[in-house]
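Student: You'll find target.txt just under this line, and it carries compact mmCIF, N, CA and C atoms.
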# COMPACT_ATOMS: atom_id res chain seq x y z
N MET O 1 224.02 138.55 24.92
CA MET O 1 223.26 139.68 24.39
C MET O 1 223.89 140.17 23.09
N ASN O 2 225.24 140.27 23.06
CA ASN O 2 225.88 140.76 21.84
C ASN O 2 225.60 139.89 20.63
N GLU O 3 225.53 138.58 20.86
CA GLU O 3 225.22 137.66 19.76
C GLU O 3 223.82 137.94 19.20
N LEU O 4 222.86 138.16 20.07
CA LEU O 4 221.50 138.49 19.63
C LEU O 4 221.48 139.81 18.86
N ILE O 5 222.19 140.79 19.35
CA ILE O 5 222.25 142.09 18.67
C ILE O 5 222.86 141.92 17.28
N GLN O 6 223.92 141.12 17.18
CA GLN O 6 224.53 140.87 15.87
C GLN O 6 223.56 140.17 14.93
N LYS O 7 222.85 139.17 15.43
CA LYS O 7 221.89 138.45 14.59
C LYS O 7 220.79 139.40 14.10
N ILE O 8 220.33 140.27 14.96
CA ILE O 8 219.27 141.20 14.58
C ILE O 8 219.79 142.23 13.59
N THR O 9 221.01 142.66 13.77
CA THR O 9 221.61 143.61 12.82
C THR O 9 221.72 142.97 11.44
N ILE O 10 222.15 141.72 11.39
CA ILE O 10 222.24 141.00 10.11
C ILE O 10 220.84 140.84 9.51
N TRP O 11 219.88 140.47 10.34
CA TRP O 11 218.49 140.33 9.88
C TRP O 11 218.01 141.65 9.27
N ALA O 12 218.29 142.75 9.95
CA ALA O 12 217.85 144.07 9.47
C ALA O 12 218.57 144.45 8.17
N GLU O 13 219.84 144.13 8.08
CA GLU O 13 220.59 144.43 6.84
C GLU O 13 220.03 143.64 5.67
N GLU O 14 219.71 142.37 5.90
CA GLU O 14 219.16 141.52 4.85
C GLU O 14 217.81 142.04 4.35
N ARG O 15 217.09 142.73 5.20
CA ARG O 15 215.79 143.28 4.83
C ARG O 15 215.86 144.75 4.44
N ASN O 16 217.08 145.23 4.30
CA ASN O 16 217.35 146.61 3.88
C ASN O 16 216.71 147.65 4.81
N LEU O 17 216.65 147.32 6.10
CA LEU O 17 216.05 148.24 7.06
C LEU O 17 217.03 149.31 7.53
N ILE O 18 218.31 149.05 7.38
CA ILE O 18 219.31 150.01 7.85
C ILE O 18 219.66 150.99 6.74
N ALA O 19 220.11 150.49 5.62
CA ALA O 19 220.48 151.38 4.51
C ALA O 19 219.26 151.89 3.75
N GLY O 20 218.20 151.10 3.73
CA GLY O 20 217.04 151.44 2.91
C GLY O 20 215.92 152.15 3.64
N SER O 21 216.14 152.50 4.88
CA SER O 21 215.12 153.20 5.64
C SER O 21 215.73 154.48 6.20
N ASP O 22 215.02 155.14 7.06
CA ASP O 22 215.54 156.38 7.65
C ASP O 22 215.07 156.46 9.11
N PRO O 23 215.73 157.29 9.91
CA PRO O 23 215.38 157.37 11.33
C PRO O 23 213.92 157.77 11.59
N LYS O 24 213.35 158.61 10.76
CA LYS O 24 211.95 159.01 10.98
C LYS O 24 211.02 157.81 10.82
N THR O 25 211.23 157.02 9.79
CA THR O 25 210.40 155.84 9.56
C THR O 25 210.56 154.84 10.69
N GLN O 26 211.80 154.64 11.13
CA GLN O 26 212.04 153.68 12.20
C GLN O 26 211.49 154.19 13.54
N THR O 27 211.49 155.49 13.74
CA THR O 27 210.89 156.05 14.96
C THR O 27 209.39 155.80 14.96
N LEU O 28 208.75 155.95 13.81
CA LEU O 28 207.32 155.62 13.72
C LEU O 28 207.08 154.14 14.02
N LYS O 29 207.97 153.29 13.53
CA LYS O 29 207.87 151.86 13.81
C LYS O 29 208.02 151.60 15.31
N LEU O 30 208.97 152.30 15.93
CA LEU O 30 209.18 152.16 17.36
C LEU O 30 207.94 152.58 18.15
N ILE O 31 207.34 153.66 17.75
CA ILE O 31 206.12 154.13 18.43
C ILE O 31 204.98 153.13 18.23
N SER O 32 204.90 152.55 17.05
CA SER O 32 203.89 151.51 16.79
C SER O 32 204.10 150.31 17.71
N GLU O 33 205.35 149.88 17.83
CA GLU O 33 205.65 148.75 18.70
C GLU O 33 205.35 149.08 20.16
N ALA O 34 205.62 150.31 20.55
CA ALA O 34 205.34 150.74 21.93
C ALA O 34 203.83 150.77 22.18
N GLY O 35 203.05 151.07 21.15
CA GLY O 35 201.60 151.01 21.28
C GLY O 35 201.15 149.59 21.58
N LYS O 36 201.76 148.62 20.91
CA LYS O 36 201.45 147.21 21.18
C LYS O 36 201.87 146.84 22.60
N LEU O 37 203.01 147.36 23.03
CA LEU O 37 203.47 147.13 24.40
C LEU O 37 202.46 147.69 25.40
N SER O 38 202.00 148.90 25.16
CA SER O 38 201.01 149.53 26.04
C SER O 38 199.74 148.70 26.12
N ARG O 39 199.30 148.18 24.97
CA ARG O 39 198.10 147.36 24.94
C ARG O 39 198.30 146.07 25.75
N SER O 40 199.45 145.44 25.58
CA SER O 40 199.72 144.21 26.34
C SER O 40 199.73 144.47 27.84
N ILE O 41 200.34 145.55 28.23
CA ILE O 41 200.39 145.88 29.66
C ILE O 41 199.00 146.20 30.18
N ALA O 42 198.24 146.97 29.43
CA ALA O 42 196.88 147.33 29.87
C ALA O 42 195.99 146.10 30.01
N ASN O 43 196.22 145.12 29.15
CA ASN O 43 195.41 143.89 29.18
C ASN O 43 196.05 142.79 30.02
N ARG O 44 197.12 143.13 30.72
CA ARG O 44 197.84 142.20 31.59
C ARG O 44 198.29 140.94 30.85
N LYS O 45 198.80 141.14 29.65
CA LYS O 45 199.30 140.04 28.82
C LYS O 45 200.83 139.99 28.91
N ASP O 46 201.39 138.89 28.48
CA ASP O 46 202.84 138.72 28.40
C ASP O 46 203.39 139.78 27.44
N CYS O 47 204.30 140.59 27.92
CA CYS O 47 204.80 141.70 27.10
C CYS O 47 206.23 141.48 26.62
N ARG O 48 206.77 140.28 26.78
CA ARG O 48 208.17 140.05 26.37
C ARG O 48 208.40 140.35 24.90
N ASN O 49 207.54 139.86 24.03
CA ASN O 49 207.72 140.10 22.61
C ASN O 49 207.62 141.59 22.29
N ASP O 50 206.74 142.30 22.95
CA ASP O 50 206.57 143.73 22.69
C ASP O 50 207.78 144.53 23.15
N VAL O 51 208.31 144.22 24.33
CA VAL O 51 209.54 144.87 24.79
C VAL O 51 210.66 144.55 23.81
N GLY O 52 210.75 143.28 23.43
CA GLY O 52 211.78 142.85 22.48
C GLY O 52 211.65 143.53 21.13
N ASP O 53 210.43 143.68 20.63
CA ASP O 53 210.22 144.36 19.35
C ASP O 53 210.69 145.82 19.41
N CYS O 54 210.43 146.48 20.53
CA CYS O 54 210.93 147.85 20.69
C CYS O 54 212.45 147.86 20.66
N PHE O 55 213.06 146.89 21.32
CA PHE O 55 214.51 146.78 21.35
C PHE O 55 215.06 146.53 19.95
N VAL O 56 214.38 145.71 19.15
CA VAL O 56 214.81 145.44 17.77
C VAL O 56 214.88 146.75 16.99
N VAL O 57 213.86 147.59 17.11
CA VAL O 57 213.86 148.86 16.38
C VAL O 57 214.97 149.77 16.90
N ILE O 58 215.24 149.73 18.18
CA ILE O 58 216.34 150.53 18.73
C ILE O 58 217.67 150.05 18.14
N ILE O 59 217.82 148.76 17.96
CA ILE O 59 219.03 148.22 17.32
C ILE O 59 219.15 148.74 15.90
N VAL O 60 218.04 148.75 15.17
CA VAL O 60 218.06 149.27 13.79
C VAL O 60 218.44 150.75 13.79
N LEU O 61 217.83 151.53 14.68
CA LEU O 61 218.15 152.96 14.77
C LEU O 61 219.63 153.17 15.13
N SER O 62 220.14 152.36 16.02
CA SER O 62 221.55 152.52 16.40
C SER O 62 222.46 152.16 15.24
N ALA O 63 222.11 151.14 14.47
CA ALA O 63 222.92 150.76 13.31
C ALA O 63 222.90 151.84 12.24
N MET O 64 221.78 152.53 12.09
CA MET O 64 221.69 153.62 11.12
C MET O 64 222.67 154.74 11.46
N ASP O 65 222.96 154.89 12.73
CA ASP O 65 223.84 155.95 13.20
C ASP O 65 225.25 155.41 13.50
N ALA O 66 225.53 154.18 13.05
CA ALA O 66 226.82 153.53 13.30
C ALA O 66 227.18 153.55 14.79
N TYR O 67 226.18 153.31 15.61
CA TYR O 67 226.34 153.33 17.06
C TYR O 67 226.22 151.90 17.57
N ASN O 68 227.21 151.44 18.30
CA ASN O 68 227.20 150.09 18.83
C ASN O 68 226.45 150.08 20.16
N ILE O 69 225.18 149.80 20.10
CA ILE O 69 224.34 149.79 21.30
C ILE O 69 224.79 148.71 22.27
N GLY O 70 225.44 147.67 21.75
CA GLY O 70 225.96 146.61 22.60
C GLY O 70 227.01 147.10 23.57
N GLU O 71 227.80 148.07 23.16
CA GLU O 71 228.81 148.64 24.06
C GLU O 71 228.15 149.34 25.24
N PHE O 72 227.07 150.08 24.97
CA PHE O 72 226.35 150.73 26.06
C PHE O 72 225.83 149.69 27.05
N ILE O 73 225.26 148.63 26.52
CA ILE O 73 224.70 147.58 27.38
C ILE O 73 225.81 146.92 28.20
N ALA O 74 226.95 146.66 27.56
CA ALA O 74 228.06 146.02 28.27
C ALA O 74 228.60 146.89 29.40
N GLN O 75 228.53 148.20 29.22
CA GLN O 75 229.06 149.12 30.22
C GLN O 75 228.02 149.50 31.28
N SER O 76 226.80 149.12 31.08
CA SER O 76 225.72 149.51 31.98
C SER O 76 225.25 148.32 32.79
N ASP O 77 224.78 148.60 33.97
CA ASP O 77 224.15 147.56 34.77
C ASP O 77 222.65 147.83 34.74
N LEU O 78 222.02 147.32 33.69
CA LEU O 78 220.60 147.59 33.50
C LEU O 78 219.73 146.93 34.56
N SER O 79 220.29 146.02 35.33
CA SER O 79 219.49 145.39 36.38
C SER O 79 219.37 146.28 37.61
N LYS O 80 220.12 147.38 37.65
CA LYS O 80 220.10 148.26 38.82
C LYS O 80 219.61 149.65 38.46
N ILE O 81 218.63 149.71 37.59
CA ILE O 81 218.09 151.02 37.24
C ILE O 81 217.20 151.52 38.36
N ASP O 82 216.70 152.69 38.19
CA ASP O 82 215.87 153.37 39.18
C ASP O 82 214.80 152.44 39.76
N ASP O 83 214.91 152.18 41.04
CA ASP O 83 213.93 151.32 41.70
C ASP O 83 212.79 152.10 42.34
N ASP O 84 212.70 153.39 42.05
CA ASP O 84 211.66 154.23 42.64
C ASP O 84 210.30 154.03 41.96
N HIS O 85 210.26 153.28 40.89
CA HIS O 85 209.00 153.07 40.18
C HIS O 85 208.15 152.06 40.94
N ASP O 86 207.04 152.51 41.42
CA ASP O 86 206.16 151.61 42.17
C ASP O 86 204.99 151.13 41.33
N ALA O 87 204.90 151.61 40.10
CA ALA O 87 203.82 151.20 39.20
C ALA O 87 204.34 151.21 37.77
N ILE O 88 203.82 150.31 36.98
CA ILE O 88 204.24 150.24 35.57
C ILE O 88 203.91 151.53 34.83
N SER O 89 202.88 152.23 35.29
CA SER O 89 202.49 153.47 34.61
C SER O 89 203.61 154.51 34.63
N SER O 90 204.43 154.52 35.66
CA SER O 90 205.52 155.49 35.70
C SER O 90 206.57 155.17 34.64
N PHE O 91 206.83 153.88 34.41
CA PHE O 91 207.74 153.50 33.32
C PHE O 91 207.15 153.89 31.98
N MET O 92 205.86 153.64 31.80
CA MET O 92 205.22 153.94 30.52
C MET O 92 205.20 155.43 30.25
N TYR O 93 204.97 156.21 31.28
CA TYR O 93 205.01 157.67 31.12
C TYR O 93 206.38 158.10 30.63
N GLU O 94 207.43 157.58 31.25
CA GLU O 94 208.79 157.93 30.84
C GLU O 94 209.08 157.48 29.42
N LEU O 95 208.59 156.30 29.06
CA LEU O 95 208.81 155.78 27.72
C LEU O 95 208.21 156.71 26.68
N TRP O 96 206.95 157.08 26.87
CA TRP O 96 206.28 157.93 25.90
C TRP O 96 206.89 159.34 25.89
N GLU O 97 207.31 159.81 27.03
CA GLU O 97 207.97 161.12 27.08
C GLU O 97 209.28 161.08 26.28
N GLU O 98 210.01 159.99 26.40
CA GLU O 98 211.29 159.86 25.69
C GLU O 98 211.07 159.76 24.17
N PHE O 99 209.94 159.23 23.74
CA PHE O 99 209.64 159.20 22.31
C PHE O 99 209.52 160.62 21.75
N GLY O 100 208.96 161.51 22.55
CA GLY O 100 208.89 162.91 22.13
C GLY O 100 210.28 163.51 21.98
N VAL O 101 211.15 163.19 22.91
CA VAL O 101 212.53 163.69 22.85
C VAL O 101 213.24 163.11 21.62
N LEU O 102 213.04 161.82 21.36
CA LEU O 102 213.64 161.18 20.19
C LEU O 102 213.12 161.81 18.90
N SER O 103 211.83 162.01 18.80
CA SER O 103 211.23 162.62 17.60
C SER O 103 211.79 164.01 17.36
N ASP O 104 211.89 164.81 18.41
CA ASP O 104 212.46 166.15 18.28
C ASP O 104 213.89 166.11 17.78
N ALA O 105 214.70 165.23 18.36
CA ALA O 105 216.11 165.13 17.97
C ALA O 105 216.24 164.74 16.50
N ILE O 106 215.46 163.76 16.07
CA ILE O 106 215.55 163.30 14.69
C ILE O 106 215.05 164.38 13.74
N ASN O 107 213.96 165.04 14.07
CA ASN O 107 213.45 166.11 13.21
C ASN O 107 214.42 167.26 13.07
N LYS O 108 215.19 167.52 14.12
CA LYS O 108 216.16 168.62 14.09
C LYS O 108 217.53 168.19 13.58
N GLY O 109 217.68 166.90 13.29
CA GLY O 109 218.96 166.40 12.80
C GLY O 109 220.02 166.28 13.89
N ASN O 110 219.59 166.21 15.14
CA ASN O 110 220.52 166.10 16.26
C ASN O 110 220.84 164.65 16.56
N SER O 111 221.91 164.45 17.29
CA SER O 111 222.29 163.11 17.72
C SER O 111 221.20 162.54 18.62
N TYR O 112 220.96 161.25 18.48
CA TYR O 112 219.94 160.60 19.30
C TYR O 112 220.48 159.39 20.04
N ARG O 113 221.80 159.24 20.07
CA ARG O 113 222.41 158.08 20.72
C ARG O 113 222.05 157.99 22.20
N ALA O 114 222.19 159.08 22.92
CA ALA O 114 221.89 159.07 24.36
C ALA O 114 220.41 158.77 24.61
N ILE O 115 219.56 159.16 23.69
CA ILE O 115 218.13 158.89 23.83
C ILE O 115 217.86 157.40 23.68
N LEU O 116 218.56 156.74 22.74
CA LEU O 116 218.42 155.29 22.60
C LEU O 116 218.85 154.58 23.88
N ASP O 117 219.93 155.08 24.49
CA ASP O 117 220.38 154.51 25.77
C ASP O 117 219.28 154.65 26.82
N ASP O 118 218.70 155.84 26.90
CA ASP O 118 217.62 156.08 27.88
C ASP O 118 216.44 155.17 27.62
N LEU O 119 216.09 154.98 26.35
CA LEU O 119 214.97 154.09 26.01
C LEU O 119 215.25 152.66 26.46
N LEU O 120 216.49 152.21 26.28
CA LEU O 120 216.83 150.86 26.72
C LEU O 120 216.75 150.72 28.24
N ILE O 121 217.14 151.75 28.94
CA ILE O 121 217.04 151.72 30.40
C ILE O 121 215.57 151.60 30.81
N ILE O 122 214.72 152.36 30.16
CA ILE O 122 213.29 152.31 30.48
C ILE O 122 212.70 150.94 30.11
N LEU O 123 213.06 150.42 28.94
CA LEU O 123 212.56 149.10 28.53
C LEU O 123 213.04 148.02 29.49
N SER O 124 214.27 148.15 29.95
CA SER O 124 214.80 147.21 30.93
C SER O 124 213.97 147.26 32.21
N GLY O 125 213.60 148.46 32.62
CA GLY O 125 212.77 148.60 33.81
C GLY O 125 211.39 147.98 33.63
N ILE O 126 210.81 148.16 32.45
CA ILE O 126 209.50 147.56 32.16
C ILE O 126 209.62 146.04 32.21
N ALA O 127 210.66 145.51 31.58
CA ALA O 127 210.87 144.06 31.60
C ALA O 127 211.04 143.56 33.03
N ARG O 128 211.89 144.24 33.77
CA ARG O 128 212.16 143.83 35.15
C ARG O 128 210.92 143.93 36.03
N PHE O 129 210.10 144.93 35.78
CA PHE O 129 208.85 145.07 36.54
C PHE O 129 207.98 143.83 36.38
N HIS O 130 208.07 143.20 35.20
CA HIS O 130 207.29 141.99 34.92
C HIS O 130 208.10 140.71 35.15
N ASN O 131 209.25 140.85 35.82
CA ASN O 131 210.13 139.72 36.13
C ASN O 131 210.74 139.06 34.90
N TYR O 132 211.04 139.86 33.89
CA TYR O 132 211.74 139.41 32.70
C TYR O 132 213.08 140.14 32.64
N SER O 133 213.99 139.60 31.85
CA SER O 133 215.22 140.33 31.55
C SER O 133 215.09 140.93 30.16
N LEU O 134 215.84 141.97 29.91
CA LEU O 134 215.82 142.59 28.59
C LEU O 134 216.31 141.60 27.53
N GLU O 135 217.31 140.80 27.89
CA GLU O 135 217.83 139.80 26.95
C GLU O 135 216.77 138.75 26.63
N GLU O 136 216.02 138.33 27.63
CA GLU O 136 214.94 137.36 27.41
C GLU O 136 213.90 137.94 26.43
N CYS O 137 213.57 139.19 26.61
CA CYS O 137 212.60 139.85 25.73
C CYS O 137 213.12 139.93 24.30
N LEU O 138 214.40 140.25 24.16
CA LEU O 138 215.00 140.33 22.83
C LEU O 138 215.03 138.96 22.17
N ALA O 139 215.32 137.93 22.94
CA ALA O 139 215.34 136.57 22.38
C ALA O 139 213.95 136.16 21.90
N VAL O 140 212.93 136.48 22.64
CA VAL O 140 211.56 136.16 22.23
C VAL O 140 211.23 136.88 20.92
N ALA O 141 211.56 138.16 20.85
CA ALA O 141 211.29 138.92 19.63
C ALA O 141 212.06 138.37 18.44
N TYR O 142 213.32 138.06 18.66
CA TYR O 142 214.12 137.52 17.54
C TYR O 142 213.55 136.20 17.06
N HIS O 143 213.09 135.37 17.97
CA HIS O 143 212.49 134.10 17.59
C HIS O 143 211.29 134.31 16.66
N HIS O 144 210.54 135.38 16.90
CA HIS O 144 209.35 135.68 16.07
C HIS O 144 209.70 136.28 14.72
N ILE O 145 210.81 137.01 14.63
CA ILE O 145 211.11 137.72 13.37
C ILE O 145 212.09 137.00 12.48
N LYS O 146 212.84 136.05 13.00
CA LYS O 146 213.98 135.49 12.28
C LYS O 146 213.63 134.77 10.99
N ASP O 147 212.44 134.27 10.86
CA ASP O 147 212.09 133.47 9.67
C ASP O 147 211.41 134.27 8.63
Can you dump the structure from the file as structure tokens?
Tutor:
Amino acid sequence: MNELIQKITIWAEERNLIAGSDPKTQTLKLISEAGKLSRSIANRKDCRNDVGDCFVVIIVLSAMDAYNIGEFIAQSDLSKIDDDHDAISSFMYELWEEFGVLSDAINKGNSYRAILDDLLIILSGIARFHNYSLEECLAVAYHHIKD
């Protein structure tokens, strides 16, 4: 996973997404990607690339804040998140709710590191609900963006 995160960080730096963008713009990009994820889920389509694309934007946001999201992942057991979700809609509700929290934090100039962690936990749950791993989703997304 760390190797993928490093590759995506380099990809983002080469495209000036970290130094040349801002958290508000990247949050809008994240919401756009989540809209695609919602559409894939609603249409019962493969959502690996969409989950991965959301993760890519989270990596960019974490790099903007000099936050090593890989350390959070290494210290967390994302495979054992809340198993009380009996429907994908509960994950999606939490995801969209967390976007509001992220938007508020960024607009107020507050730290958003813990929110990125929460978003990854939710994305991991969405991936797991569909029998994917978060790493698998990130690999699919990286394969699409790398060229």
Student: If we count all atoms listed in the file, what is near segment 142-147 of chain O at a cut-off of 6.5 Å, once residues fewer than 4 positions away on the same chain are taken out, given as a compact mmCIF listing (two decimals) with N, CA and C atoms, keeping the file's coordinate frame?
Tutor:
# COMPACT_ATOMS: atom_id res chain seq x y z
N GLY O 52 210.75 143.28 23.43
CA GLY O 52 211.78 142.85 22.48
C GLY O 52 211.65 143.53 21.13
N CYS O 137 213.57 139.19 26.61
CA CYS O 137 212.60 139.85 25.73
C CYS O 137 213.12 139.93 24.30
N LEU O 138 214.40 140.25 24.16
CA LEU O 138 215.00 140.33 22.83
C LEU O 138 215.03 138.96 22.17
Student: Can you work out the spacing between atom CA of Arg113 of chain O and atom CA of Cys54 of chain O in Å, to one decimal?
Tutor: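 One can read the atom CA of Arg113 of chain O to atom CA of Cys54 of chain O distance as 15.4 Å.
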Student: Can you tell me how far atom CA of Ile69 of chain O sits from atom CA of Ala141 of chain O, in Å to one decimal?
Tutor: 17.1 Å
Student: Name the residues, using the chain letters and numbers of the file, that sit within 7 Å of (223.7, 154.8, 9.6) when counting only C-alpha atoms, and give them as number ranges by chain.
Tutor: O: 18-19, 63-66
Student: Identify, on the basis of all atoms listed in the file, every residue whose closest approach to Leu123 of chain O does not exceed 6.5 Å; exclude the query and any residue fewer than 5 positions from it along the same chain; express the result as JSON, numbers by chain.
Tutor: {"O": [51, 118, 128, 134]}
Student: Using only N, CA and C atoms, please write the residues we just selected to a file, as a PDB file, in the coordinates of the input.
Tutor:
ATOM      1  N   VAL O  51     208.310 144.220  24.330  1.00  0.00           N
ATOM      2  CA  VAL O  51     209.540 144.870  24.790  1.00  0.00           C
ATOM      3  C   VAL O  51     210.660 144.550  23.810  1.00  0.00           C
ATOM      4  N   ASP O 118     218.700 155.840  26.900  1.00  0.00           N
ATOM      5  CA  ASP O 118     217.620 156.080  27.880  1.00  0.00           C
ATOM      6  C   ASP O 118     216.440 155.170  27.620  1.00  0.00           C
ATOM      7  N   ARG O 128     211.890 144.240  33.770  1.00  0.00           N
ATOM      8  CA  ARG O 128     212.160 143.830  35.150  1.00  0.00           C
ATOM      9  C   ARG O 128     210.920 143.930  36.030  1.00  0.00           C
ATOM     10  N   LEU O 134     215.840 141.970  29.910  1.00  0.00           N
ATOM     11  CA  LEU O 134     215.820 142.590  28.590  1.00  0.00           C
ATOM     12  C   LEU O 134     216.310 141.600  27.530  1.00  0.00           C
TER      13      LEU O 134
END
Student: Enumerate the residues of chain O with a DSSP assignment of alpha helix (DSSP H), computed from the backbone, and present them as a ChimeraX atom specification.
Tutor: /O:2-14,23-42,48-64,69-75,88-108,113-129,134-145
Student: Determine, for each residue of segment 40-82 of chain O having at least one atom at most 8 Å from an atom of segment 27-35 of chain O, the closest pair of atoms and their separation in Å to one decimal, counting all atoms listed in the file; order by chain and ascending number, as a tab-separated table.
Tutor:
residue	atom	partner	partner_atom	distance
O:Ser40	N	O:Gly35	C	6.0
O:Ile41	N	O:Gly35	C	7.8
O:Asp50	C	O:Glu33	C	6.0
O:Val51	N	O:Glu33	C	7.1
O:Asp53	C	O:Glu33	CA	5.9
O:Cys54	N	O:Glu33	CA	5.6
O:Phe55	N	O:Leu30	CA	7.6
O:Val56	C	O:Leu30	CA	7.9
O:Val57	CA	O:Leu30	CA	5.8
O:Ile58	N	O:Leu30	CA	6.6
O:Leu61	CA	O:Thr27	N	7.2
Student: List every protein, DNA or RNA residue with an atom no more than 7 Å from (215.9, 161.0, 24.8) in the file's coordinates, counting all atoms listed in the file, and format the result as a PyMOL selection string.
Tutor: chain O and resi 97-102+112+114-116+118-119
Student: Include N, CA and C atoms and write out the residues we just selected as a compact mmCIF listing (two decimals), keeping the file's coordinate frame.
Tutor:
# COMPACT_ATOMS: atom_id res chain seq x y z
N GLU O 97 207.31 159.81 27.03
CA GLU O 97 207.97 161.12 27.08
C GLU O 97 209.28 161.08 26.28
N GLU O 98 210.01 159.99 26.40
CA GLU O 98 211.29 159.86 25.69
C GLU O 98 211.07 159.76 24.17
N PHE O 99 209.94 159.23 23.74
CA PHE O 99 209.64 159.20 22.31
C PHE O 99 209.52 160.62 21.75
N GLY O 100 208.96 161.51 22.55
CA GLY O 100 208.89 162.91 22.13
C GLY O 100 210.28 163.51 21.98
N VAL O 101 211.15 163.19 22.91
CA VAL O 101 212.53 163.69 22.85
C VAL O 101 213.24 163.11 21.62
N LEU O 102 213.04 161.82 21.36
CA LEU O 102 213.64 161.18 20.19
C LEU O 102 213.12 161.81 18.90
N TYR O 112 220.96 161.25 18.48
CA TYR O 112 219.94 160.60 19.30
C TYR O 112 220.48 159.39 20.04
N ALA O 114 222.19 159.08 22.92
CA ALA O 114 221.89 159.07 24.36
C ALA O 114 220.41 158.77 24.61
N ILE O 115 219.56 159.16 23.69
CA ILE O 115 218.13 158.89 23.83
C ILE O 115 217.86 157.40 23.68
N LEU O 116 218.56 156.74 22.74
CA LEU O 116 218.42 155.29 22.60
C LEU O 116 218.85 154.58 23.88
N ASP O 118 218.70 155.84 26.90
CA ASP O 118 217.62 156.08 27.88
C ASP O 118 216.44 155.17 27.62
N LEU O 119 216.09 154.98 26.35
CA LEU O 119 214.97 154.09 26.01
C LEU O 119 215.25 152.66 26.46
Student: At what distance in Å, to one decimal, does atom C of Leu17 of chain O lie from atom CA of Val60 of chain O?
Tutor: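 The value is 6.3 Å.
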Student: From the options O:Ser111, O:Ala127, O:Trp11, O:Ile122, which residue's atoms come nearest to Glu94 of chain O, counting all atoms listed in the file?
Tutor: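 The shortest atom-to-atom distance to Glu94 of chain O comes from O:Ile122.
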Student: Using only N, CA and C atoms, which of the listed residues (O:Asn107, O:Ser38, O:Tyr132, O:Gln75) sits closest to Met92 of chain O?
Tutor: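 Ranked by minimum distance to Met92 of chain O, first place goes to O:Ser38.
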